[in-house]
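This is structure_21.cif. It holds mmCIF, C-alpha atoms.
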```
data_coords
#
loop_
_atom_site.label_atom_id
_atom_site.label_comp_id
_atom_site.auth_asym_id
_atom_site.auth_seq_id
_atom_site.Cartn_x
_atom_site.Cartn_y
_atom_site.Cartn_z
CA MET A 26 0.00 0.00 0.00
CA GLY A 27 2.87 2.29 0.87
CA VAL A 28 4.60 1.45 -2.44
CA LEU A 29 1.41 2.32 -4.39
CA ALA A 30 1.00 5.61 -2.53
CA LYS A 31 4.64 6.43 -3.19
CA SER A 32 4.30 5.65 -6.91
CA MET A 33 1.20 7.85 -7.14
CA SER A 34 3.10 10.69 -5.58
CA ASP A 35 5.66 10.44 -8.34
CA PRO A 36 4.97 13.26 -10.83
CA LYS A 37 5.60 11.03 -13.84
CA SER A 38 3.23 8.30 -12.62
CA LYS A 39 0.59 10.88 -11.77
CA SER A 40 0.86 12.44 -15.22
CA ALA A 41 0.59 9.01 -16.85
CA MET A 42 -2.52 8.23 -14.82
CA LEU A 43 -4.16 11.52 -15.79
CA ASP A 44 -3.28 10.81 -19.41
CA LEU A 45 -4.92 7.38 -19.21
CA ARG A 46 -8.04 8.88 -17.66
CA GLU A 47 -8.28 11.47 -20.39
CA ARG A 48 -7.81 8.86 -23.09
CA ALA A 49 -10.54 6.72 -21.45
CA ARG A 50 -12.87 9.74 -21.34
CA VAL A 51 -12.24 10.48 -25.02
CA ALA A 52 -12.76 6.81 -25.96
CA LYS A 53 -16.00 6.66 -23.96
CA GLN A 54 -17.32 9.78 -25.68
CA ALA A 55 -16.28 8.40 -29.07
CA ILE A 56 -18.17 5.15 -28.35
CA GLN A 57 -21.26 7.13 -27.33
CA ASP A 58 -21.06 9.23 -30.51
CA ILE A 59 -20.69 6.11 -32.66
CA LYS A 60 -23.63 4.43 -30.91
CA ALA A 61 -25.76 7.53 -31.55
CA GLN A 62 -24.75 7.51 -35.20
CA LEU A 63 -25.48 3.78 -35.43
CA THR A 64 -28.92 4.29 -33.90
CA GLU A 65 -29.65 7.04 -36.42
CA VAL A 66 -28.40 4.94 -39.35
CA GLU A 67 -30.40 1.90 -38.20
CA SER A 68 -33.51 4.06 -37.85
CA ARG A 69 -33.04 5.47 -41.35
CA LEU A 70 -32.38 1.97 -42.69
CA ARG A 71 -35.58 0.60 -41.12
CA ASN A 72 -37.50 3.61 -42.38
CA GLU A 73 -36.27 3.11 -45.94
CA ALA A 74 -36.78 -0.67 -45.77
CA ALA A 75 -40.37 -0.11 -44.61
CA LYS A 76 -41.03 1.78 -47.85
CA ILE A 77 -40.38 -1.37 -49.89
CA PRO A 78 -43.84 -2.65 -50.87
CA ASN A 79 -45.08 -6.19 -51.11
CA THR A 80 -44.50 -8.21 -54.25
CA THR A 81 -47.25 -8.25 -56.89
CA HIS A 82 -49.44 -11.10 -58.11
CA PRO A 83 -48.44 -12.09 -61.67
CA ASP A 84 -52.02 -11.52 -62.92
CA THR A 85 -52.10 -7.93 -61.63
CA PRO A 86 -52.39 -5.34 -64.43
CA ILE A 87 -49.37 -3.03 -64.61
CA GLY A 88 -49.95 0.71 -64.43
CA ASP A 89 -52.23 3.31 -62.87
CA GLU A 90 -55.97 3.22 -62.15
CA THR A 91 -56.84 3.48 -65.84
CA LYS A 92 -55.43 -0.06 -66.24
CA ALA A 93 -57.94 -1.59 -63.81
CA ARG A 94 -59.55 -4.71 -65.29
CA VAL A 95 -63.34 -5.16 -65.06
CA VAL A 96 -63.94 -8.72 -63.88
CA ARG A 97 -67.75 -8.66 -63.93
CA THR A 98 -70.74 -6.32 -63.63
CA HIS A 99 -73.96 -6.97 -61.72
CA GLY A 100 -77.18 -5.07 -62.48
CA ASP A 101 -78.21 -2.60 -65.18
CA LEU A 102 -78.87 0.73 -63.43
CA HIS A 103 -75.85 2.25 -65.16
CA ASN A 104 -77.80 2.04 -68.44
CA ILE A 105 -80.81 3.95 -67.04
CA LYS A 106 -81.16 7.72 -67.46
CA THR A 107 -84.26 8.47 -65.36
CA VAL A 108 -85.79 7.29 -62.08
CA PRO A 109 -87.89 4.08 -62.21
CA VAL A 110 -91.54 4.68 -61.38
CA ASP A 111 -91.42 2.37 -58.36
CA GLY A 112 -87.77 3.06 -57.60
CA VAL A 113 -86.72 -0.47 -58.61
CA ASN A 114 -88.14 -1.74 -61.92
CA THR A 115 -85.83 -0.40 -64.61
CA LEU A 116 -88.30 -1.38 -67.35
CA GLU A 117 -90.80 1.28 -66.26
CA LEU A 118 -89.23 4.71 -66.06
CA SER A 119 -90.44 8.18 -65.13
CA ASN A 120 -89.19 11.41 -66.70
CA VAL A 121 -87.52 12.47 -63.42
CA VAL A 122 -83.71 12.61 -63.45
CA PHE A 123 -81.68 11.12 -60.61
CA GLN A 124 -80.68 13.49 -57.82
CA ASP A 125 -77.28 13.61 -56.17
CA HIS A 126 -77.21 12.09 -52.66
CA TYR A 127 -76.35 15.47 -51.15
CA ASP A 128 -79.58 16.99 -52.41
CA LEU A 129 -81.50 13.90 -51.26
CA VAL A 130 -80.18 13.88 -47.69
CA GLN A 131 -80.68 17.62 -47.34
CA ARG A 132 -84.30 17.40 -48.40
CA LEU A 133 -84.96 14.27 -46.33
CA GLY A 134 -83.22 15.81 -43.31
CA ILE A 135 -81.21 12.70 -42.50
CA VAL A 136 -77.69 14.22 -42.55
CA ASP A 137 -76.51 17.48 -40.96
CA MET A 138 -73.23 18.59 -42.51
CA GLU A 139 -73.45 22.14 -41.15
CA ALA A 140 -73.60 20.98 -37.54
CA GLY A 141 -70.70 18.63 -38.20
CA ALA A 142 -68.64 21.51 -39.59
CA ARG A 143 -69.48 23.77 -36.64
CA VAL A 144 -68.49 21.12 -34.10
CA ALA A 145 -65.51 19.36 -35.74
CA GLY A 146 -64.71 21.10 -39.03
CA SER A 147 -65.31 20.33 -42.67
CA ARG A 148 -66.12 16.77 -43.78
CA PHE A 149 -67.61 15.72 -40.46
CA HIS A 150 -71.32 14.98 -40.24
CA TYR A 151 -74.24 14.00 -38.07
CA TRP A 152 -76.62 11.23 -39.06
CA ARG A 153 -80.08 12.16 -37.80
CA GLY A 154 -83.49 10.50 -37.77
CA GLY A 155 -83.78 7.93 -40.53
CA GLY A 156 -80.11 8.41 -41.40
CA ALA A 157 -79.00 7.25 -37.95
CA LEU A 158 -81.29 4.25 -38.22
CA LEU A 159 -79.92 3.50 -41.70
CA GLU A 160 -76.34 3.36 -40.36
CA LEU A 161 -77.37 1.01 -37.55
CA ALA A 162 -79.30 -1.19 -39.99
CA LEU A 163 -76.35 -1.48 -42.38
CA VAL A 164 -73.99 -2.38 -39.53
CA GLN A 165 -76.43 -5.00 -38.26
CA TYR A 166 -76.88 -6.38 -41.77
CA ALA A 167 -73.13 -6.75 -42.30
CA MET A 168 -72.40 -8.20 -38.87
CA THR A 169 -75.26 -10.69 -38.99
CA ARG A 170 -74.30 -11.91 -42.46
CA ALA A 171 -70.62 -12.09 -41.51
CA ALA A 172 -71.33 -14.10 -38.37
CA ALA A 173 -73.47 -16.53 -40.38
CA ALA A 174 -70.54 -16.96 -42.79
CA GLY A 175 -68.12 -17.88 -40.01
CA PHE A 176 -66.56 -14.49 -39.19
CA VAL A 177 -66.32 -13.88 -35.43
CA PRO A 178 -67.77 -10.40 -34.67
CA HIS A 179 -65.60 -7.88 -32.82
CA ILE A 180 -65.88 -4.25 -31.80
CA THR A 181 -62.32 -2.96 -31.96
CA PRO A 182 -60.39 -0.07 -30.38
CA ASP A 183 -60.45 3.10 -32.49
CA ALA A 184 -56.75 3.66 -31.69
CA ALA A 185 -53.52 1.73 -32.19
CA ARG A 186 -49.85 2.30 -31.50
CA SER A 187 -47.91 4.03 -34.25
CA SER A 188 -45.67 0.96 -34.64
CA VAL A 189 -48.73 -1.23 -35.25
CA VAL A 190 -50.17 1.19 -37.80
CA ASP A 191 -46.81 1.24 -39.57
CA ALA A 192 -46.49 -2.55 -39.54
CA CYS A 193 -49.87 -2.86 -41.26
CA GLY A 194 -48.66 -0.69 -44.16
CA PHE A 195 -50.08 2.68 -43.18
CA ARG A 196 -47.57 5.52 -42.81
CA PRO A 197 -48.20 7.24 -39.44
CA ARG A 198 -45.55 9.95 -39.95
CA SER A 199 -45.42 13.34 -41.60
CA SER A 200 -43.52 13.85 -44.84
CA ALA A 201 -40.66 15.49 -42.92
CA GLU A 202 -40.46 12.59 -40.46
CA ASP A 203 -40.58 10.18 -43.37
CA GLY A 204 -37.44 11.59 -44.93
CA GLY A 205 -39.22 14.06 -47.19
CA SER A 206 -40.99 11.42 -49.26
CA GLY A 207 -43.60 13.98 -50.31
CA GLU A 208 -46.45 11.53 -49.65
CA ALA A 209 -49.05 12.94 -47.28
CA SER A 210 -50.05 10.64 -44.44
CA GLN A 211 -53.76 9.93 -44.04
CA ILE A 212 -53.31 9.04 -40.36
CA TYR A 213 -54.34 11.14 -37.35
CA ARG A 214 -51.88 11.00 -34.46
CA MET A 215 -53.22 11.30 -30.89
CA THR A 216 -51.47 13.54 -28.38
CA PRO A 217 -52.80 13.86 -24.82
CA VAL A 218 -53.21 17.49 -23.76
CA ALA A 219 -50.98 16.84 -20.75
CA ASP A 220 -48.12 15.83 -23.08
CA GLU A 221 -48.35 18.73 -25.52
CA ARG A 222 -45.55 20.67 -23.78
CA GLY A 223 -43.52 17.67 -22.72
CA GLU A 224 -41.62 14.89 -24.41
CA HIS A 225 -43.73 12.88 -26.85
CA SER A 226 -43.93 9.11 -26.71
CA ALA A 227 -41.64 7.22 -29.06
CA ASP A 228 -44.64 5.10 -30.06
CA PRO A 229 -47.67 7.43 -29.93
CA LEU A 230 -51.24 6.33 -30.42
CA CYS A 231 -52.96 6.92 -33.74
CA LEU A 232 -56.62 6.88 -34.70
CA VAL A 233 -57.20 3.87 -36.94
CA ALA A 234 -58.03 4.35 -40.61
CA THR A 235 -59.71 0.92 -40.69
CA ALA A 236 -60.50 -1.93 -38.29
CA GLU A 237 -58.07 -4.01 -40.35
CA ILE A 238 -55.29 -2.53 -38.20
CA PRO A 239 -56.47 -3.65 -34.74
CA LEU A 240 -57.92 -6.90 -36.10
CA VAL A 241 -54.64 -8.06 -37.64
CA ALA A 242 -52.57 -6.78 -34.71
CA MET A 243 -54.59 -8.83 -32.18
CA LYS A 244 -52.31 -11.77 -33.01
CA GLN A 245 -48.97 -9.94 -33.05
CA GLN A 246 -45.98 -11.87 -31.69
CA GLN A 247 -47.97 -15.10 -31.54
CA ILE A 248 -47.42 -18.56 -32.98
CA LEU A 249 -50.74 -20.02 -34.11
CA ASP A 250 -51.78 -23.65 -34.33
CA GLY A 251 -52.28 -24.66 -37.94
CA SER A 252 -55.56 -26.34 -37.07
CA SER A 253 -57.01 -22.92 -36.12
CA LEU A 254 -56.51 -21.49 -39.62
CA PRO A 255 -58.13 -19.81 -41.34
CA GLU A 256 -59.10 -17.41 -38.56
CA SER A 257 -61.81 -15.09 -39.83
CA VAL A 258 -63.08 -12.07 -37.91
CA ALA A 259 -65.40 -9.12 -38.58
CA GLY A 260 -64.65 -5.83 -36.84
CA LEU A 261 -66.76 -2.73 -36.29
CA SER A 262 -64.93 0.55 -35.77
CA HIS A 263 -64.98 4.21 -36.51
CA CYS A 264 -62.41 5.08 -39.17
CA PHE A 265 -60.44 8.33 -39.29
CA ARG A 266 -58.72 9.59 -42.43
CA ALA A 267 -57.10 12.95 -43.07
CA GLU A 268 -57.96 12.64 -46.78
CA ALA A 269 -55.11 15.01 -47.58
CA GLY A 270 -55.23 16.12 -51.19
CA ALA A 271 -58.90 15.22 -51.71
CA ARG A 272 -60.78 17.86 -53.62
CA GLY A 273 -63.63 18.52 -56.04
CA ARG A 274 -66.90 16.64 -56.19
CA ASP A 275 -65.67 13.79 -54.00
CA THR A 276 -65.75 16.17 -51.02
CA ARG A 277 -69.45 17.02 -51.54
CA GLY A 278 -71.81 15.45 -49.03
CA ILE A 279 -70.87 12.21 -47.29
CA TYR A 280 -68.91 10.52 -50.07
CA ARG A 281 -65.49 11.36 -48.58
CA LEU A 282 -65.34 12.06 -44.85
CA HIS A 283 -62.76 12.37 -42.09
CA GLN A 284 -64.72 10.00 -39.83
CA PHE A 285 -67.08 7.16 -40.71
CA THR A 286 -68.28 3.76 -39.51
CA LYS A 287 -67.14 0.56 -41.19
CA VAL A 288 -67.41 -3.20 -40.79
CA GLU A 289 -64.16 -4.84 -41.91
CA LEU A 290 -63.36 -8.50 -42.52
CA VAL A 291 -59.93 -9.99 -41.78
CA THR A 292 -58.66 -13.51 -42.36
CA LEU A 293 -55.41 -15.09 -41.18
CA SER A 294 -54.58 -17.91 -43.57
CA HIS A 295 -51.97 -20.56 -44.14
CA PRO A 296 -49.72 -19.30 -46.98
CA THR A 297 -50.83 -22.11 -49.31
CA HIS A 298 -54.51 -21.17 -48.97
CA SER A 299 -54.54 -17.37 -49.20
CA ASP A 300 -55.56 -17.22 -52.88
CA THR A 301 -58.62 -19.32 -52.06
CA GLU A 302 -59.41 -17.14 -49.05
CA LEU A 303 -59.29 -13.98 -51.15
CA GLN A 304 -61.89 -15.45 -53.48
CA ARG A 305 -64.03 -16.40 -50.48
CA LEU A 306 -63.93 -12.81 -49.22
CA LEU A 307 -64.81 -11.46 -52.65
CA ASP A 308 -67.73 -13.87 -53.04
CA PHE A 309 -69.06 -12.83 -49.64
CA GLN A 310 -68.85 -9.14 -50.52
CA THR A 311 -70.64 -9.51 -53.84
CA SER A 312 -73.41 -11.50 -52.16
CA LEU A 313 -73.96 -8.62 -49.73
CA TYR A 314 -74.32 -6.02 -52.47
CA ALA A 315 -76.33 -8.23 -54.82
CA ASP A 316 -78.85 -8.91 -52.06
CA LEU A 317 -79.18 -5.16 -51.54
CA GLY A 318 -80.14 -4.82 -55.19
CA LEU A 319 -77.23 -2.59 -56.15
CA THR A 320 -75.65 -2.29 -59.58
CA PHE A 321 -71.92 -2.83 -59.11
CA ARG A 322 -68.78 -4.01 -60.84
CA VAL A 323 -65.70 -5.89 -59.62
CA LEU A 324 -62.31 -4.52 -60.67
CA GLN A 325 -58.91 -6.19 -60.49
CA MET A 326 -56.73 -3.30 -59.44
CA PRO A 327 -53.43 -2.47 -61.18
CA SER A 328 -50.01 -2.28 -59.59
CA HIS A 329 -50.05 1.47 -58.85
CA GLU A 330 -53.23 1.07 -56.76
CA LEU A 331 -52.09 -1.73 -54.45
CA GLY A 332 -50.50 0.34 -51.72
CA ALA A 333 -47.59 -0.98 -49.68
CA SER A 334 -49.13 -4.12 -48.25
CA ALA A 335 -51.33 -5.66 -50.95
CA TYR A 336 -50.11 -8.48 -53.19
CA GLN A 337 -53.43 -8.61 -55.02
CA LYS A 338 -56.46 -6.34 -54.70
CA TYR A 339 -60.01 -6.12 -56.00
CA ASP A 340 -62.22 -3.05 -55.73
CA ILE A 341 -66.01 -3.09 -55.92
CA GLU A 342 -67.63 0.00 -57.37
CA ALA A 343 -71.36 0.72 -57.21
CA TRP A 344 -73.16 2.74 -59.86
CA MET A 345 -74.28 6.02 -58.27
CA PRO A 346 -76.84 7.44 -60.68
CA GLY A 347 -77.05 10.84 -58.99
CA ARG A 348 -73.32 11.31 -59.32
CA LYS A 349 -73.52 9.67 -62.77
CA GLN A 350 -70.43 7.61 -62.14
CA TRP A 351 -69.06 4.51 -60.47
CA GLY A 352 -67.93 4.95 -56.88
CA GLU A 353 -65.81 2.62 -54.77
CA ILE A 354 -67.75 1.00 -51.93
CA SER A 355 -65.31 -1.73 -50.88
CA SER A 356 -62.08 -3.57 -51.59
CA ALA A 357 -60.53 -6.95 -50.86
CA SER A 358 -56.79 -7.57 -50.58
CA ASN A 359 -54.35 -10.42 -50.05
CA CYS A 360 -51.37 -8.97 -48.16
CA THR A 361 -49.53 -12.33 -48.05
CA ASP A 362 -46.90 -12.15 -45.25
CA TYR A 363 -46.21 -8.39 -45.49
CA GLN A 364 -48.05 -7.54 -42.27
CA ALA A 365 -47.36 -10.85 -40.52
CA ARG A 366 -43.58 -10.42 -40.83
CA ARG A 367 -43.73 -6.97 -39.28
CA LEU A 368 -46.06 -8.09 -36.51
CA GLY A 369 -44.46 -11.48 -35.85
CA ILE A 370 -47.53 -13.64 -36.57
CA ARG A 371 -46.54 -17.21 -37.43
CA VAL A 372 -48.09 -20.65 -37.71
CA ARG A 373 -46.52 -23.87 -36.50
CA GLY A 374 -45.05 -25.94 -39.30
CA GLU A 375 -42.96 -29.04 -39.67
CA GLY A 376 -39.37 -28.13 -38.94
CA GLN A 377 -39.96 -24.39 -38.68
CA HIS A 378 -42.68 -21.85 -38.11
CA VAL A 379 -43.84 -19.81 -41.12
CA PHE A 380 -45.50 -16.43 -41.32
CA VAL A 381 -49.24 -16.46 -41.92
CA HIS A 382 -50.90 -14.58 -44.76
CA THR A 383 -53.29 -11.77 -43.86
CA LEU A 384 -56.28 -10.75 -45.97
CA ASN A 385 -58.81 -7.95 -45.53
CA ALA A 386 -62.08 -6.92 -47.14
CA THR A 387 -64.69 -4.24 -46.53
CA ALA A 388 -68.15 -5.53 -45.69
CA VAL A 389 -69.85 -2.17 -45.18
CA ALA A 390 -68.31 1.31 -45.33
CA VAL A 391 -71.49 3.05 -44.22
CA PRO A 392 -71.34 6.45 -45.98
CA ARG A 393 -70.29 5.06 -49.39
CA LEU A 394 -72.88 2.29 -49.26
CA ALA A 395 -75.52 4.78 -48.09
CA VAL A 396 -74.75 7.03 -51.08
CA ALA A 397 -75.21 4.09 -53.47
CA LEU A 398 -78.48 3.02 -51.82
CA LEU A 399 -79.98 6.51 -51.57
CA GLU A 400 -79.19 7.39 -55.18
CA SER A 401 -80.19 3.99 -56.55
CA PHE A 402 -83.58 3.67 -54.84
CA GLN A 403 -84.96 7.19 -55.05
CA ARG A 404 -88.49 7.57 -56.37
CA PRO A 405 -89.98 10.22 -58.65
CA ASP A 406 -91.65 11.94 -55.67
CA GLY A 407 -88.26 12.41 -53.98
CA HIS A 408 -88.66 9.69 -51.37
CA VAL A 409 -86.18 6.83 -50.99
CA VAL A 410 -87.40 3.28 -50.35
CA ILE A 411 -84.66 0.68 -49.90
CA PRO A 412 -85.89 -2.80 -50.91
CA MET A 413 -86.14 -5.34 -48.09
CA ARG A 414 -84.78 -8.12 -50.27
CA THR A 415 -82.85 -9.78 -47.49
CA GLY A 416 -85.35 -9.12 -44.73
CA GLN A 417 -82.46 -7.72 -42.69
CA VAL A 418 -82.08 -4.07 -43.70
#
```

Mind turning the file's structure into structure tokens?
Amino acid sequence: MGVLAKSMSDPKSKSAMLDLRERARVAKQAIQDIKAQLTEVESRLRNEAAKIPNTTHPDTPIGDETKARVVRTHGDLHNIKTVPVDGVNTLELSNVVFQDHYDLVQRLGIVDMEAGARVAGSRFHYWRGGGALLELALVQYAMTRAAAAGFVPHITPDAARSSVVDACGFRPRSSAEDGGSGEASQIYRMTPVADERGEHSADPLCLVATAEIPLVAMKQQQILDGSSLPESVAGLSHCFRAEAGARGRDTRGIYRLHQFTKVELVTLSHPTHSDTELQRLLDFQTSLYADLGLTFRVLQMPSHELGASAYQKYDIEAWMPGRKQWGEISSASNCTDYQARRLGIRVRGEGQHVFVHTLNATAVAVPRLAVALLESFQRPDGHVVIPMRTGQV
């Protein structure tokens, strides 16, 4: 001990010790700087990797929306110029032209857009009277039919963590946060008032754009038993979309809103069966709209319209005679393992576990379907009578 104390009192030894300490301090700071740089690079790498979309089905048309392929058309209302006398029989027509849904709901008093704008801003609305009952009836119709077809009904959270939203293929960040991609996010981020002046969470909550997000994420980081597949669920939620960039006639009335109610279908499938499951979803959707008496067409969507997650996608468009054009009322997509890889959803297999395939389809997006029904079944006297073909609406 005395020898050590004596050596430390030696000026040369003391200087050497101080030098070692300084070198250790510099090395420690250098390691911290490198770790910070590594964290930043890894974050940028993950961010760029997340922009890589799913692969595309070989039958998918290549190009923009003009390349969409019409698979089939149901009904003949798109060939009719004036309102049927009884609102249904297209062989007996009046001389009254079809009205736009906005004019219909204003006259019938079933939607209040002005109150919605006063309370929440533009493109929010109130259903009132018969309109509120129509929404409830459409939800009940979709849920009842889905349950009968083997989909387990759920009412989901209207919020999800940002990481979950991202994993499902929806970009929950601003253009600046996304590396200046220039693509506007359609997601609303939630910030508690108490946190507005403090540090924000690294994984903030977002309002969901579709129940697909919480339905798929229910199984995150789980290994499923193969005998349980396919797992099919139906989820009711409110949907929130910024609709950045939307303009023109699509913003009139309730066709394109910031908040709406939707029943979504989700299936988790074994990879070898997902093509069959997509067809099952599509068949279920078309049965819903055919039984409502709508004129609609099924489109196989081209590559530019698939989004990040979809491997193959079909849209269903209803003829909206007041708008005098087709309007999208639903879609069905096979996302293969795009979402499952990011959420860690696997199925037990021989030798190794494999990622499941996730599929989603809209059963009822209430405002869009309401537009199609109101415009399709208006009568010459201005009333709207929706046929009770299924006995459920």

### Message
Rounded to one decimal, what separation in Å do you get between atom CA of A:Val110 and atom CA of A:Val130?
### Response
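Between atom CA of A:Val110 and atom CA of A:Val130 the gap is 20.0 Å.
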
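Pairwise distance (atom CA of A:Val241, atom CA of A:His283) equals 22.4 Å.
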
I need the output of the PyMOL selection byres ((chain A and resi 189) around 10) for this file as an mmCIF file with C-alpha atoms, in the coordinates of the input; which residues are they?
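Below is the file that was written, result.cif:
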```cif
data_model
loop_
_atom_site.group_PDB
_atom_site.id
_atom_site.type_symbol
_atom_site.label_atom_id
_atom_site.label_comp_id
_atom_site.auth_asym_id
_atom_site.auth_seq_id
_atom_site.Cartn_x
_atom_site.Cartn_y
_atom_site.Cartn_z
ATOM 1 C CA ALA A 185 -53.520 1.730 -32.190
ATOM 2 C CA ARG A 186 -49.850 2.300 -31.500
ATOM 3 C CA SER A 187 -47.910 4.030 -34.250
ATOM 4 C CA SER A 188 -45.670 0.960 -34.640
ATOM 5 C CA VAL A 190 -50.170 1.190 -37.800
ATOM 6 C CA ASP A 191 -46.810 1.240 -39.570
ATOM 7 C CA ALA A 192 -46.490 -2.550 -39.540
ATOM 8 C CA CYS A 193 -49.870 -2.860 -41.260
ATOM 9 C CA GLY A 194 -48.660 -0.690 -44.160
ATOM 10 C CA PHE A 195 -50.080 2.680 -43.180
ATOM 11 C CA PRO A 197 -48.200 7.240 -39.440
ATOM 12 C CA ASP A 228 -44.640 5.100 -30.060
ATOM 13 C CA LEU A 230 -51.240 6.330 -30.420
ATOM 14 C CA CYS A 231 -52.960 6.920 -33.740
ATOM 15 C CA ILE A 238 -55.290 -2.530 -38.200
ATOM 16 C CA PRO A 239 -56.470 -3.650 -34.740
ATOM 17 C CA VAL A 241 -54.640 -8.060 -37.640
ATOM 18 C CA ALA A 242 -52.570 -6.780 -34.710
ATOM 19 C CA GLN A 245 -48.970 -9.940 -33.050
ATOM 20 C CA GLN A 364 -48.050 -7.540 -42.270
ATOM 21 C CA ARG A 367 -43.730 -6.970 -39.280
ATOM 22 C CA LEU A 368 -46.060 -8.090 -36.510
#
```

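Note that the spacing between atom CA of A:Val291 and atom CA of A:Leu240 amounts to 6.8 Å.
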
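On the file presented, the PyMOL selection byres ((chain A and resi 129) around 9) picks out Gln124, Asp125, His126, Tyr127, Asp128, Val130, Gln131, Arg132, Leu133, Gly134, Ile135, Leu399, Glu400, Gln403, Gly407, His408 and Val409 of chain A.
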
### Message
Suppose a student applies the PyMOL selection byres ((chain A and resi 370-378) around 6) to this structure; what residues should they get, written as JSON, numbers by chain?
### Response
{"A": [245, 246, 247, 248, 249, 250, 251, 365, 368, 369, 379, 380, 381]}

### Surrounding residues of stretch 252-267 of chain A excluding itself and chain neighbours under 5 positions, 7 Å, all atoms listed in the file, as a PyMOL selection string
chain A and resi 171+175-181+183+211-213+232-236+240+283-295

### Message
With all atoms listed in the file as the counted atoms, please give the residues lying no more than 8 Å from A:His99, apart from itself and same-chain residues fewer than 3 positions off, as a count of residues only.
### Response
5

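Of the listed residues A:Thr98, A:Ser355, A:Thr311, A:Asn79, the one whose atoms come nearest to A:Arg393 is A:Ser355, with distances taken using only C-alpha atoms.
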